[in-house]
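A.B. asks: Input protein.cif, format and content: mmCIF, C-alpha atoms and all ligand atoms.
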data_query
#
loop_
_atom_site.label_atom_id
_atom_site.label_comp_id
_atom_site.auth_asym_id
_atom_site.auth_seq_id
_atom_site.Cartn_x
_atom_site.Cartn_y
_atom_site.Cartn_z
CA MET A 3 -16.07 55.13 38.04
CA MET A 4 -16.78 58.57 36.65
CA ASN A 5 -13.74 60.87 36.65
CA GLY A 6 -14.07 64.53 37.60
CA VAL A 7 -14.66 66.69 34.54
CA ALA A 8 -11.20 68.21 34.65
CA ASP A 9 -9.56 64.74 34.72
CA ARG A 10 -11.29 63.60 31.58
CA THR A 11 -9.41 63.71 28.29
CA ASP A 12 -10.58 66.61 26.15
CA LEU A 13 -11.25 65.38 22.62
CA LYS A 14 -11.75 68.89 21.27
CA GLY A 15 -8.53 70.24 19.81
CA MET A 16 -7.07 66.78 19.04
CA THR A 17 -5.96 66.33 15.44
CA LEU A 18 -7.17 63.22 13.63
CA PRO A 19 -3.85 61.37 14.08
CA GLU A 20 -3.93 62.22 17.80
CA LEU A 21 -7.51 61.03 18.15
CA THR A 22 -6.71 57.85 16.21
CA GLU A 23 -3.76 57.15 18.48
CA PHE A 24 -5.80 57.86 21.59
CA LEU A 25 -8.65 55.52 20.61
CA GLY A 26 -6.15 52.96 19.37
CA ARG A 27 -4.98 52.54 22.94
CA TRP A 28 -8.46 51.18 23.67
CA GLY A 29 -8.17 48.86 20.69
CA LYS A 30 -10.59 50.94 18.62
CA GLU A 31 -10.43 50.89 14.83
CA ARG A 32 -9.09 53.90 12.90
CA PHE A 33 -12.49 54.81 11.48
CA ARG A 34 -13.77 55.44 15.00
CA ALA A 35 -11.59 58.55 15.17
CA ARG A 36 -13.05 59.79 11.89
CA GLN A 37 -16.56 59.17 13.22
CA LEU A 38 -15.87 61.08 16.43
CA SER A 39 -14.19 63.92 14.56
CA ARG A 40 -17.28 64.28 12.37
CA TRP A 41 -19.55 64.27 15.40
CA ILE A 42 -17.56 67.07 16.97
CA TYR A 43 -16.72 69.37 14.05
CA GLN A 44 -19.52 68.66 11.59
CA ARG A 45 -22.45 67.90 13.87
CA PHE A 46 -21.20 70.02 16.77
CA ALA A 47 -21.70 67.42 19.51
CA ASP A 48 -21.08 68.60 23.07
CA ASP A 49 -21.45 65.14 24.63
CA PHE A 50 -21.42 61.47 23.68
CA ALA A 51 -25.00 60.42 24.45
CA GLY A 52 -26.34 61.36 21.01
CA MET A 53 -23.59 59.61 19.00
CA THR A 54 -25.98 56.93 17.88
CA ASP A 55 -23.66 55.18 15.46
CA LEU A 56 -21.38 54.24 18.37
CA SER A 57 -22.30 51.34 20.64
CA LYS A 58 -23.86 52.14 23.99
CA GLU A 59 -20.87 50.59 25.65
CA PHE A 60 -18.38 52.75 23.74
CA ARG A 61 -20.44 55.86 24.47
CA GLY A 62 -20.39 54.93 28.16
CA LEU A 63 -16.63 54.53 28.07
CA LEU A 64 -16.21 57.90 26.35
CA ALA A 65 -18.56 59.66 28.78
CA ALA A 66 -16.68 58.24 31.76
CA SER A 67 -13.20 59.25 30.66
CA CYS A 68 -13.47 61.94 27.98
CA ARG A 69 -15.13 65.28 27.39
CA ILE A 70 -15.70 67.82 24.62
CA SER A 71 -14.72 71.17 26.10
CA GLY A 72 -16.09 74.64 25.48
CA PRO A 73 -19.28 76.24 26.77
CA PRO A 74 -21.28 78.62 24.54
CA ALA A 75 -19.98 82.19 24.31
CA GLU A 76 -20.57 84.10 27.52
CA ARG A 77 -21.63 87.17 25.57
CA VAL A 78 -22.85 87.68 22.02
CA GLU A 79 -23.13 91.21 20.64
CA THR A 80 -24.67 92.05 17.29
CA SER A 81 -23.72 95.13 15.28
CA ALA A 82 -26.15 97.16 13.22
CA ASP A 83 -24.28 95.86 10.14
CA GLY A 84 -24.80 92.19 11.07
CA THR A 85 -21.31 91.62 12.48
CA GLU A 86 -21.34 89.55 15.68
CA LYS A 87 -18.81 89.55 18.48
CA TYR A 88 -18.42 86.58 20.83
CA LEU A 89 -16.73 86.64 24.21
CA PHE A 90 -15.43 83.27 25.37
CA ARG A 91 -14.64 82.64 29.01
CA LEU A 92 -11.78 80.13 29.24
CA GLU A 93 -11.47 77.56 32.02
CA ASP A 94 -8.89 79.57 33.95
CA GLY A 95 -11.11 82.67 33.92
CA GLU A 96 -9.34 84.45 31.03
CA ALA A 97 -11.41 85.76 28.14
CA VAL A 98 -10.93 86.08 24.39
CA GLU A 99 -13.06 87.47 21.59
CA SER A 100 -13.97 86.40 18.05
CA VAL A 101 -15.81 88.33 15.37
CA LEU A 102 -18.16 86.92 12.74
CA ILE A 103 -18.39 89.04 9.60
CA PRO A 104 -21.20 88.27 7.13
CA ASP A 105 -20.50 89.54 3.63
CA ASP A 106 -22.45 88.59 0.47
CA GLY A 107 -22.84 84.92 1.09
CA ARG A 108 -19.57 84.56 2.96
CA ARG A 109 -19.36 84.19 6.73
CA THR A 110 -15.85 84.91 7.97
CA LEU A 111 -14.85 84.25 11.55
CA CYS A 112 -11.93 86.26 12.89
CA ILE A 113 -10.38 84.18 15.67
CA SER A 114 -7.90 84.69 18.50
CA SER A 115 -4.81 82.54 19.02
CA GLN A 116 -3.43 84.02 22.26
CA VAL A 117 -4.91 85.61 25.36
CA GLY A 118 -3.52 89.12 24.90
CA CYS A 119 -0.43 89.76 22.80
CA ALA A 120 3.23 90.41 23.52
CA LEU A 121 4.03 92.48 20.45
CA GLU A 122 2.87 95.88 21.71
CA CYS A 123 2.00 97.36 18.33
CA GLY A 124 1.23 100.97 19.20
CA PHE A 125 -2.09 101.15 17.33
CA CYS A 126 -3.66 97.90 18.61
CA ALA A 127 -5.97 97.58 21.62
CA THR A 128 -4.99 93.94 22.23
CA GLY A 129 -1.33 94.92 22.45
CA ALA A 130 -2.12 97.57 25.03
CA GLY A 131 -3.47 94.88 27.39
CA GLY A 132 -0.23 92.87 27.37
CA PHE A 133 0.31 89.12 27.02
CA ARG A 134 -1.43 86.59 29.25
CA ARG A 135 -0.85 83.17 27.69
CA ASN A 136 -1.05 81.02 24.58
CA MET A 137 -4.40 79.47 23.74
CA THR A 138 -4.68 75.69 23.38
CA SER A 139 -5.86 74.11 20.12
CA ALA A 140 -9.11 73.21 21.94
CA GLU A 141 -9.67 76.86 22.82
CA ILE A 142 -8.76 77.99 19.31
CA VAL A 143 -11.07 75.56 17.48
CA HIS A 144 -13.87 76.16 19.95
CA GLN A 145 -14.35 79.57 18.33
CA PRO A 146 -15.27 78.17 14.87
CA PHE A 147 -17.11 75.30 16.60
CA PHE A 148 -19.39 77.77 18.37
CA ALA A 149 -19.92 79.95 15.30
CA ALA A 150 -20.51 77.02 12.94
CA LYS A 151 -22.97 75.46 15.40
CA ARG A 152 -24.80 78.75 15.74
CA PHE A 153 -25.04 79.10 11.95
CA ALA A 154 -25.99 75.46 11.35
CA GLY A 155 -29.09 76.19 13.45
CA ARG A 156 -30.09 78.70 10.75
CA GLY A 157 -29.14 76.43 7.87
CA GLU A 158 -25.99 78.49 7.15
CA ARG A 159 -22.31 77.60 7.08
CA LEU A 160 -19.13 79.13 8.32
CA SER A 161 -17.15 79.76 5.12
CA ASN A 162 -13.84 81.39 6.12
CA VAL A 163 -11.59 81.59 9.16
CA VAL A 164 -8.95 84.28 9.64
CA PHE A 165 -6.37 84.36 12.45
CA MET A 166 -6.73 88.13 12.84
CA GLY A 167 -8.21 88.32 16.31
CA MET A 168 -6.22 88.59 19.51
CA GLY A 169 -2.62 87.42 19.56
CA GLU A 170 0.21 86.57 17.19
CA PRO A 171 -0.44 83.13 15.67
CA LEU A 172 3.22 82.60 14.75
CA LEU A 173 4.22 82.92 18.40
CA ASN A 174 1.92 79.97 19.19
CA VAL A 175 2.83 77.69 16.30
CA PRO A 176 2.28 74.26 17.95
CA GLU A 177 -1.32 74.95 19.00
CA VAL A 178 -2.14 77.02 15.90
CA SER A 179 -0.84 74.15 13.71
CA ARG A 180 -3.12 71.64 15.44
CA ALA A 181 -6.04 74.03 14.99
CA ILE A 182 -5.21 74.48 11.29
CA GLU A 183 -5.15 70.70 10.82
CA ILE A 184 -8.64 70.48 12.28
CA LEU A 185 -9.91 73.40 10.19
CA LEU A 186 -8.57 71.80 6.99
CA SER A 187 -9.37 68.14 7.74
CA GLN A 188 -12.18 66.62 5.70
CA PHE A 189 -13.27 65.01 8.97
CA GLY A 190 -12.99 68.35 10.76
CA PHE A 191 -14.29 71.66 9.45
CA GLY A 192 -13.32 70.68 5.90
CA LEU A 193 -12.27 74.20 4.88
CA SER A 194 -9.97 74.66 1.89
CA GLY A 195 -6.66 76.40 2.56
CA LYS A 196 -7.90 79.32 0.50
CA ARG A 197 -10.50 79.97 3.18
CA VAL A 198 -8.15 79.88 6.15
CA THR A 199 -5.86 82.88 6.55
CA VAL A 200 -3.01 83.23 9.00
CA SER A 201 -2.15 86.87 9.69
CA THR A 202 1.23 87.68 11.19
CA ALA A 203 3.04 90.77 12.38
CA GLY A 204 6.07 89.24 10.65
CA ILE A 205 7.71 86.51 12.74
CA VAL A 206 10.12 85.79 9.90
CA PRO A 207 11.62 82.43 11.03
CA GLU A 208 8.18 80.84 11.41
CA MET A 209 6.51 82.02 8.21
CA LEU A 210 7.94 79.68 5.61
CA GLN A 211 7.79 76.59 7.80
CA LEU A 212 4.07 77.02 8.41
CA ALA A 213 3.40 77.93 4.79
CA GLN A 214 5.21 74.79 3.62
CA ARG A 215 3.28 72.54 5.99
CA TYR A 216 -0.22 73.86 5.33
CA PRO A 217 -1.74 75.30 2.15
CA VAL A 218 -3.32 78.20 4.05
CA SER A 219 -3.47 81.81 2.90
CA PHE A 220 -1.03 84.30 4.38
CA ALA A 221 -1.47 87.91 5.41
CA VAL A 222 1.38 90.01 6.76
CA SER A 223 0.84 93.23 8.71
CA ILE A 224 3.23 95.55 6.91
CA ASN A 225 1.76 98.86 8.07
CA ALA A 226 4.73 100.95 6.93
CA ALA A 227 7.16 100.93 4.03
CA ARG A 228 10.09 102.41 5.97
CA ASP A 229 11.91 100.76 8.85
CA ASP A 230 11.96 103.85 11.05
CA ILE A 231 8.18 104.24 10.89
CA ARG A 232 7.52 100.52 11.15
CA SER A 233 9.78 100.12 14.19
CA LEU A 234 7.91 102.94 15.86
CA LEU A 235 4.54 101.28 15.20
CA MET A 236 5.60 97.66 15.57
CA PRO A 237 8.57 96.98 17.86
CA ILE A 238 8.96 93.50 16.28
CA ASN A 239 10.40 95.33 13.24
CA ARG A 240 13.63 95.86 15.17
CA LYS A 241 14.08 92.10 15.22
CA TYR A 242 12.76 91.35 11.72
CA PRO A 243 13.11 94.45 9.54
CA LEU A 244 11.20 95.11 6.33
CA ARG A 245 13.80 93.87 3.87
CA GLU A 246 13.96 90.43 5.53
CA LEU A 247 10.20 90.36 5.96
CA VAL A 248 9.37 91.16 2.35
CA ALA A 249 12.04 88.70 1.12
CA GLU A 250 10.33 86.00 3.19
CA MET A 251 6.88 86.95 1.89
CA LYS A 252 8.19 86.38 -1.63
CA ARG A 253 9.30 82.86 -0.69
CA ILE A 254 5.87 81.72 0.49
CA PRO A 255 4.71 78.96 -1.84
CA LEU A 256 1.56 79.96 -3.71
CA GLN A 257 -0.90 78.09 -5.86
CA SER A 258 -1.43 79.70 -9.25
CA GLY A 259 -3.39 82.92 -9.20
CA ARG A 260 -2.96 83.36 -5.45
CA LYS A 261 -1.15 86.15 -3.63
CA VAL A 262 0.13 86.94 -0.18
CA THR A 263 -1.78 89.80 1.44
CA ALA A 264 0.05 92.81 2.85
CA GLU A 265 -2.15 94.49 5.46
CA TYR A 266 -1.65 98.21 5.88
CA VAL A 267 -3.43 100.15 8.63
CA LEU A 268 -3.72 103.78 7.57
CA LEU A 269 -2.82 106.21 10.36
CA ALA A 270 -3.30 109.93 9.71
CA GLY A 271 -0.02 111.80 9.37
CA VAL A 272 2.03 108.69 10.16
CA ASN A 273 2.03 106.35 7.15
CA ASP A 274 -0.58 107.78 4.77
CA SER A 275 1.35 110.25 2.58
CA PRO A 276 1.90 109.91 -1.19
CA GLU A 277 5.59 109.26 -0.43
CA ASP A 278 4.54 106.37 1.82
CA ALA A 279 2.39 104.96 -0.99
CA ARG A 280 5.30 105.23 -3.43
CA ALA A 281 7.70 103.60 -0.97
CA LEU A 282 5.21 100.77 -0.49
CA SER A 283 4.88 100.25 -4.25
CA ARG A 284 8.67 100.07 -4.60
CA LEU A 285 8.89 97.57 -1.74
CA LEU A 286 6.27 95.26 -3.23
CA ARG A 287 7.01 95.74 -6.92
CA GLY A 288 7.06 92.52 -8.91
CA ALA A 289 5.97 90.34 -6.03
CA ARG A 290 2.81 88.26 -5.84
CA ILE A 291 1.52 90.46 -3.07
CA LYS A 292 -1.78 92.31 -2.84
CA VAL A 293 -2.49 95.14 -0.44
CA ASN A 294 -5.37 95.28 1.99
CA LEU A 295 -5.77 98.84 3.29
CA ILE A 296 -7.39 99.03 6.72
CA PRO A 297 -8.72 102.36 7.96
CA PHE A 298 -7.54 102.73 11.56
CA ASN A 299 -10.19 101.87 14.14
CA PRO A 300 -9.81 104.20 17.08
CA HIS A 301 -9.85 102.98 20.67
CA GLU A 302 -9.23 104.57 24.03
CA GLY A 303 -5.65 105.17 24.93
CA SER A 304 -4.47 105.31 21.34
CA PRO A 305 -2.91 108.51 20.00
CA TYR A 306 -3.76 107.67 16.37
CA ILE A 307 -6.65 108.70 14.15
CA PRO A 308 -7.73 107.44 10.73
CA PRO A 309 -6.97 109.66 7.71
CA PRO A 310 -9.85 111.45 5.97
CA PRO A 311 -11.41 109.33 3.18
CA GLU A 312 -9.76 111.49 0.44
CA THR A 313 -6.31 110.69 1.82
CA ALA A 314 -7.14 106.98 1.96
CA SER A 315 -8.41 106.96 -1.64
CA ARG A 316 -5.39 108.89 -2.88
CA PHE A 317 -3.14 106.30 -1.18
CA ARG A 318 -5.10 103.47 -2.80
CA ASP A 319 -5.02 105.13 -6.22
CA LEU A 320 -1.23 105.52 -6.10
CA LEU A 321 -0.83 101.80 -5.39
CA LEU A 322 -3.25 100.90 -8.16
CA ALA A 323 -1.38 103.19 -10.57
CA ALA A 324 1.81 101.30 -9.69
CA GLY A 325 0.08 98.07 -10.72
CA ILE A 326 -0.49 96.74 -7.22
CA GLN A 327 -3.78 95.00 -6.54
CA THR A 328 -5.31 96.95 -3.66
CA ILE A 329 -8.55 96.78 -1.75
CA THR A 330 -9.76 98.86 1.16
CA ARG A 331 -11.17 96.78 3.94
CA GLU A 332 -14.63 97.90 4.88
CA ARG A 333 -15.00 98.92 8.48
CA ARG A 334 -17.35 96.49 10.17
CA GLY A 335 -18.78 96.12 13.65
CA ALA A 336 -17.24 99.30 15.09
CA ASP A 337 -20.40 100.00 17.13
CA ILE A 338 -19.76 96.84 19.17
CA ARG A 339 -15.99 97.36 19.25
CA ALA A 340 -15.54 94.40 16.94
CA ALA A 341 -13.43 96.09 14.26
CA CYS A 342 -9.77 95.24 13.59
CA GLY A 343 -7.57 95.97 16.54
CA GLN A 344 -10.42 96.63 18.96
CA LEU A 345 -10.50 93.20 20.62
CA ARG A 346 -9.39 93.15 24.21
CA GLY A 347 -11.12 90.19 25.82
CA ALA A 348 -8.38 89.71 28.40
CA ALA A 349 -8.58 93.33 29.42
CA ALA A 350 -12.30 92.77 30.06
CA GLY A 351 -11.00 91.21 33.26
CA LYS A 352 -11.52 87.90 34.99
CA ARG A 353 -14.92 87.06 36.30
CA GLY A 354 -15.42 86.38 40.02
N1 LIG B 401 -0.86 89.47 15.19
C1 LIG B 401 -1.44 89.28 13.90
C2 LIG B 401 -2.95 89.15 13.89
C3 LIG B 401 -3.74 90.14 14.70
S1 LIG B 401 -3.88 91.82 14.13
C4 LIG B 401 -0.99 90.38 12.96
O1 LIG B 401 -0.32 91.30 13.42
O2 LIG B 401 -1.26 90.31 11.77
C5 LIG B 401 -4.84 91.75 12.67
C6 LIG B 401 -4.75 93.03 11.83
O3 LIG B 401 -5.40 94.13 12.47
C7 LIG B 401 -3.30 93.47 11.58
O4 LIG B 401 -3.10 93.72 10.24
C8 LIG B 401 -3.19 94.78 12.36
O5 LIG B 401 -2.27 95.64 11.75
C9 LIG B 401 -4.61 95.29 12.30
N2 LIG B 401 -4.96 96.24 13.37
C10 LIG B 401 -4.56 96.22 14.66
N3 LIG B 401 -5.09 97.25 15.34
C11 LIG B 401 -5.85 97.94 14.46
C12 LIG B 401 -6.68 99.10 14.58
N4 LIG B 401 -6.85 99.72 15.73
N5 LIG B 401 -7.33 99.53 13.46
C13 LIG B 401 -7.20 98.87 12.30
N6 LIG B 401 -6.45 97.74 12.15
C14 LIG B 401 -5.78 97.30 13.21
#
Kindly return the structure encoded in the file as structure tokens.
Ligand code: SAH

C.D. replies:
Amino acid sequence: MMNGVADRTDLKGMTLPELTEFLGRWGKERFRARQLSRWIYQRFADDFAGMTDLSKEFRGLLAASCRISGPPAERVETSADGTEKYLFRLEDGEAVESVLIPDDGRRTLCISSQVGCALECGFCATGAGGFRRNMTSAEIVHQPFFAAKRFAGRGERLSNVVFMGMGEPLLNVPEVSRAIEILLSQFGFGLSGKRVTVSTAGIVPEMLQLAQRYPVSFAVSINAARDDIRSLLMPINRKYPLRELVAEMKRIPLQSGRKVTAEYVLLAGVNDSPEDARALSRLLRGARIKVNLIPFNPHEGSPYIPPPPETASRFRDLLLAAGIQTITRERRGADIRAACGQLRGAAAGKRG
């Protein structure tokens, strides 16, 4: 008897131990889970029929009671600079977006971890749309699945994944952890921890735990070097103020030569003065932290504007002079509203 699609067990989003346990209940050997995991995350299978190294009988059993969720993106937009934005319709009608950024040989996918976001950072379009729900690990890993499948068709690979799309990954730790396991697994996407970055607004109690469990890279959205300004921009600062946040960033275990990234969105007249740059240098002095300056990407309903380029370079130069490694993130995909802080899939509304 064929079950209805929704009753079938979704194999996408299961970690290898979960898949092993699930197949074990049917008396299947451990290596079967590794085989299936490879079919899904390395050969991008959407169904079981083509899994030719599994017996016909086993394929029949899988087809009758399991599924591999996730349709192709509902909309793909391509920017003049090669950036691509994908809109994924989820099974309950919600929508999320991911952005693929090609950059000399690297292909970085910026993925979402929640539908909407509860943090209400004043400069972010996702925050303005409010929080809808957490994404499941299946929904999270479907984003790199789709992108990697799309690129495999052109003989290219997905090289990096950053949790910098919609949502706060550290407010969805269980599902984000399962997704990270799949991204890092040699039977999954096989990415090294260097190439997977978790970006957080600073959910202090979750940071160290995740960093100790997975060797992923960490980015923290600092955005201000003073508590009064940061609390204004990011209400979460009232709960986890800068001193605690920076202390926690310094505790993140790092392999040699690696650093935690401090992201800093430059907002004209708000956090871009020379005094702000000096306060930031003092805050980060002596720590293994590098700064990623992000020019603000405007969106409707936001009162902020980006500083003129001279102000941004002066800010950068002051950090460099203080011995802090600093790069300015290039603005990509703005013409398709794919730049940092412009994603608002949920606000695109439900279909039908
Ligand atoms: N919640 C996580 C991940 C999503 S935001 C976090 O806060 O880190 C990813 C990055 O985009 C953050 O550094 C955030 O400060 C930045 N950002 C948000 N809105 C932006 C905008 N309009 N322009 C530029 N950067 C923005």

A.B. asks: Just want the residues within 6 Å of ligand LIG 401 (chain B), written as an MDAnalysis selection string, counting all atoms listed in the file.

C.D. replies: chainID A and resid 125:126 166:170 201:203 222:223 265 267 296:300 342:344

A.B. asks: Name the closest residue to Leu295 (chain A) among the candidates A:Glu99, A:Leu268, A:Ile307, A:Arg316; distances are taken between atoms, counting only C-alpha atoms.

C.D. replies: A:Leu268

A.B. asks: With all atoms listed in the file as the basis for distance, which of A:Asp319, A:Arg34, A:Glu302, A:Ala249 is at the shortest distance from Arg287 (chain A)?

C.D. replies: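 Using all atoms listed in the file, the shortest distance to Arg287 (chain A) belongs to A:Ala249.
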
A.B. asks: For a quick check of understanding, using only C-alpha atoms, which of A:Lys87, A:Arg27, A:Arg32, A:Lys151 has the smallest distance to Gly335 (chain A)?

C.D. replies: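 Using only C-alpha atoms, the shortest distance to Gly335 (chain A) belongs to A:Lys87.
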
A.B. asks: Would you compute the distance between CA of Lys30 (chain A) and CA of Ser194 (chain A)? Give it in Å to one decimal.

C.D. replies: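 Between CA of Lys30 (chain A) and CA of Ser194 (chain A) the gap works out to 29.0 Å.
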
A.B. asks: How big is the axis-aligned box around all listed atoms of region 184-202 of chain A once 8 Å goes on each side, and where's its centre, in Å to one decimal, as lines of an AutoDock Vina configuration file?

C.D. replies:
center_x = -6.5
center_y = 76.3
center_z = 6.4
size_x = 31.5
size_y = 38.7
size_z = 27.8

A.B. asks: Find, counting all atoms listed in the file, the residue in A:Arg61, A:Ala270, A:Ala289, A:Trp28 that gets nearest to Thr313 (chain A).

C.D. replies: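 So, comparing all the options, the nearest one is A:Ala270.
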
A.B. asks: Considering all atoms listed in the file, can you say which of A:Gln44, A:Thr11, A:Thr330, A:Asn273 comes closest to Leu185 (chain A)?

C.D. replies: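 The closest residue to Leu185 (chain A) is A:Gln44.
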
A.B. asks: Using only C-alpha atoms, find the one residue out of A:Ser115, A:Ser315, A:Ser304, A:Thr85 that sits nearest to Leu235 (chain A).

C.D. replies: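 That would be A:Ser304, the residue with the smallest distance to Leu235 (chain A).
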
A.B. asks: What does the distance from CA of Glu250 (chain A) to CA of Gly204 (chain A) come to in Å, to one decimal?

C.D. replies: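 Spanning CA of Glu250 (chain A) to CA of Gly204 (chain A) is a straight-line distance of 9.2 Å.
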
A.B. asks: What does the distance between CA of Pro237 (chain A) and CA of Val272 (chain A) come to in Å, to one decimal place?

C.D. replies: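 That distance, rounded to one decimal, is 15.5 Å.
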
A.B. asks: Provide region 18-31 of chain A rebuilt to N, CA and C atoms, formatted as a PDB file, in the coordinates of the input.

C.D. replies:
ATOM      1  N   LEU A  18      -6.720  64.576  13.953  1.00  0.00           N
ATOM      2  CA  LEU A  18      -7.170  63.220  13.630  1.00  0.00           C
ATOM      3  C   LEU A  18      -6.124  62.159  13.993  1.00  0.00           C
ATOM      4  N   PRO A  19      -4.841  62.368  13.660  1.00  0.00           N
ATOM      5  CA  PRO A  19      -3.850  61.370  14.080  1.00  0.00           C
ATOM      6  C   PRO A  19      -3.791  61.212  15.610  1.00  0.00           C
ATOM      7  N   GLU A  20      -3.958  62.318  16.332  1.00  0.00           N
ATOM      8  CA  GLU A  20      -3.930  62.220  17.800  1.00  0.00           C
ATOM      9  C   GLU A  20      -5.139  61.447  18.321  1.00  0.00           C
ATOM     10  N   LEU A  21      -6.284  61.715  17.737  1.00  0.00           N
ATOM     11  CA  LEU A  21      -7.510  61.030  18.150  1.00  0.00           C
ATOM     12  C   LEU A  21      -7.428  59.537  17.808  1.00  0.00           C
ATOM     13  N   THR A  22      -6.863  59.245  16.649  1.00  0.00           N
ATOM     14  CA  THR A  22      -6.710  57.850  16.210  1.00  0.00           C
ATOM     15  C   THR A  22      -5.802  57.102  17.183  1.00  0.00           C
ATOM     16  N   GLU A  23      -4.711  57.767  17.560  1.00  0.00           N
ATOM     17  CA  GLU A  23      -3.760  57.150  18.480  1.00  0.00           C
ATOM     18  C   GLU A  23      -4.407  56.932  19.837  1.00  0.00           C
ATOM     19  N   PHE A  24      -5.148  57.936  20.288  1.00  0.00           N
ATOM     20  CA  PHE A  24      -5.800  57.860  21.590  1.00  0.00           C
ATOM     21  C   PHE A  24      -6.815  56.696  21.634  1.00  0.00           C
ATOM     22  N   LEU A  25      -7.641  56.589  20.624  1.00  0.00           N
ATOM     23  CA  LEU A  25      -8.650  55.520  20.610  1.00  0.00           C
ATOM     24  C   LEU A  25      -8.010  54.156  20.362  1.00  0.00           C
ATOM     25  N   GLY A  26      -6.877  54.189  19.635  1.00  0.00           N
ATOM     26  CA  GLY A  26      -6.150  52.960  19.370  1.00  0.00           C
ATOM     27  C   GLY A  26      -5.687  52.284  20.663  1.00  0.00           C
ATOM     28  N   ARG A  27      -5.397  53.102  21.656  1.00  0.00           N
ATOM     29  CA  ARG A  27      -4.980  52.540  22.940  1.00  0.00           C
ATOM     30  C   ARG A  27      -6.096  51.727  23.590  1.00  0.00           C
ATOM     31  N   TRP A  28      -7.320  51.995  23.191  1.00  0.00           N
ATOM     32  CA  TRP A  28      -8.460  51.180  23.670  1.00  0.00           C
ATOM     33  C   TRP A  28      -8.783  50.073  22.690  1.00  0.00           C
ATOM     34  N   GLY A  29      -7.932  49.897  21.694  1.00  0.00           N
ATOM     35  CA  GLY A  29      -8.170  48.860  20.690  1.00  0.00           C
ATOM     36  C   GLY A  29      -9.232  49.240  19.674  1.00  0.00           C
ATOM     37  N   LYS A  30      -9.544  50.524  19.581  1.00  0.00           N
ATOM     38  CA  LYS A  30     -10.590  50.940  18.620  1.00  0.00           C
ATOM     39  C   LYS A  30     -10.018  51.113  17.215  1.00  0.00           C
ATOM     40  N   GLU A  31     -10.839  50.798  16.220  1.00  0.00           N
ATOM     41  CA  GLU A  31     -10.430  50.890  14.830  1.00  0.00           C
ATOM     42  C   GLU A  31     -10.205  52.356  14.434  1.00  0.00           C
TER      43      GLU A  31
END
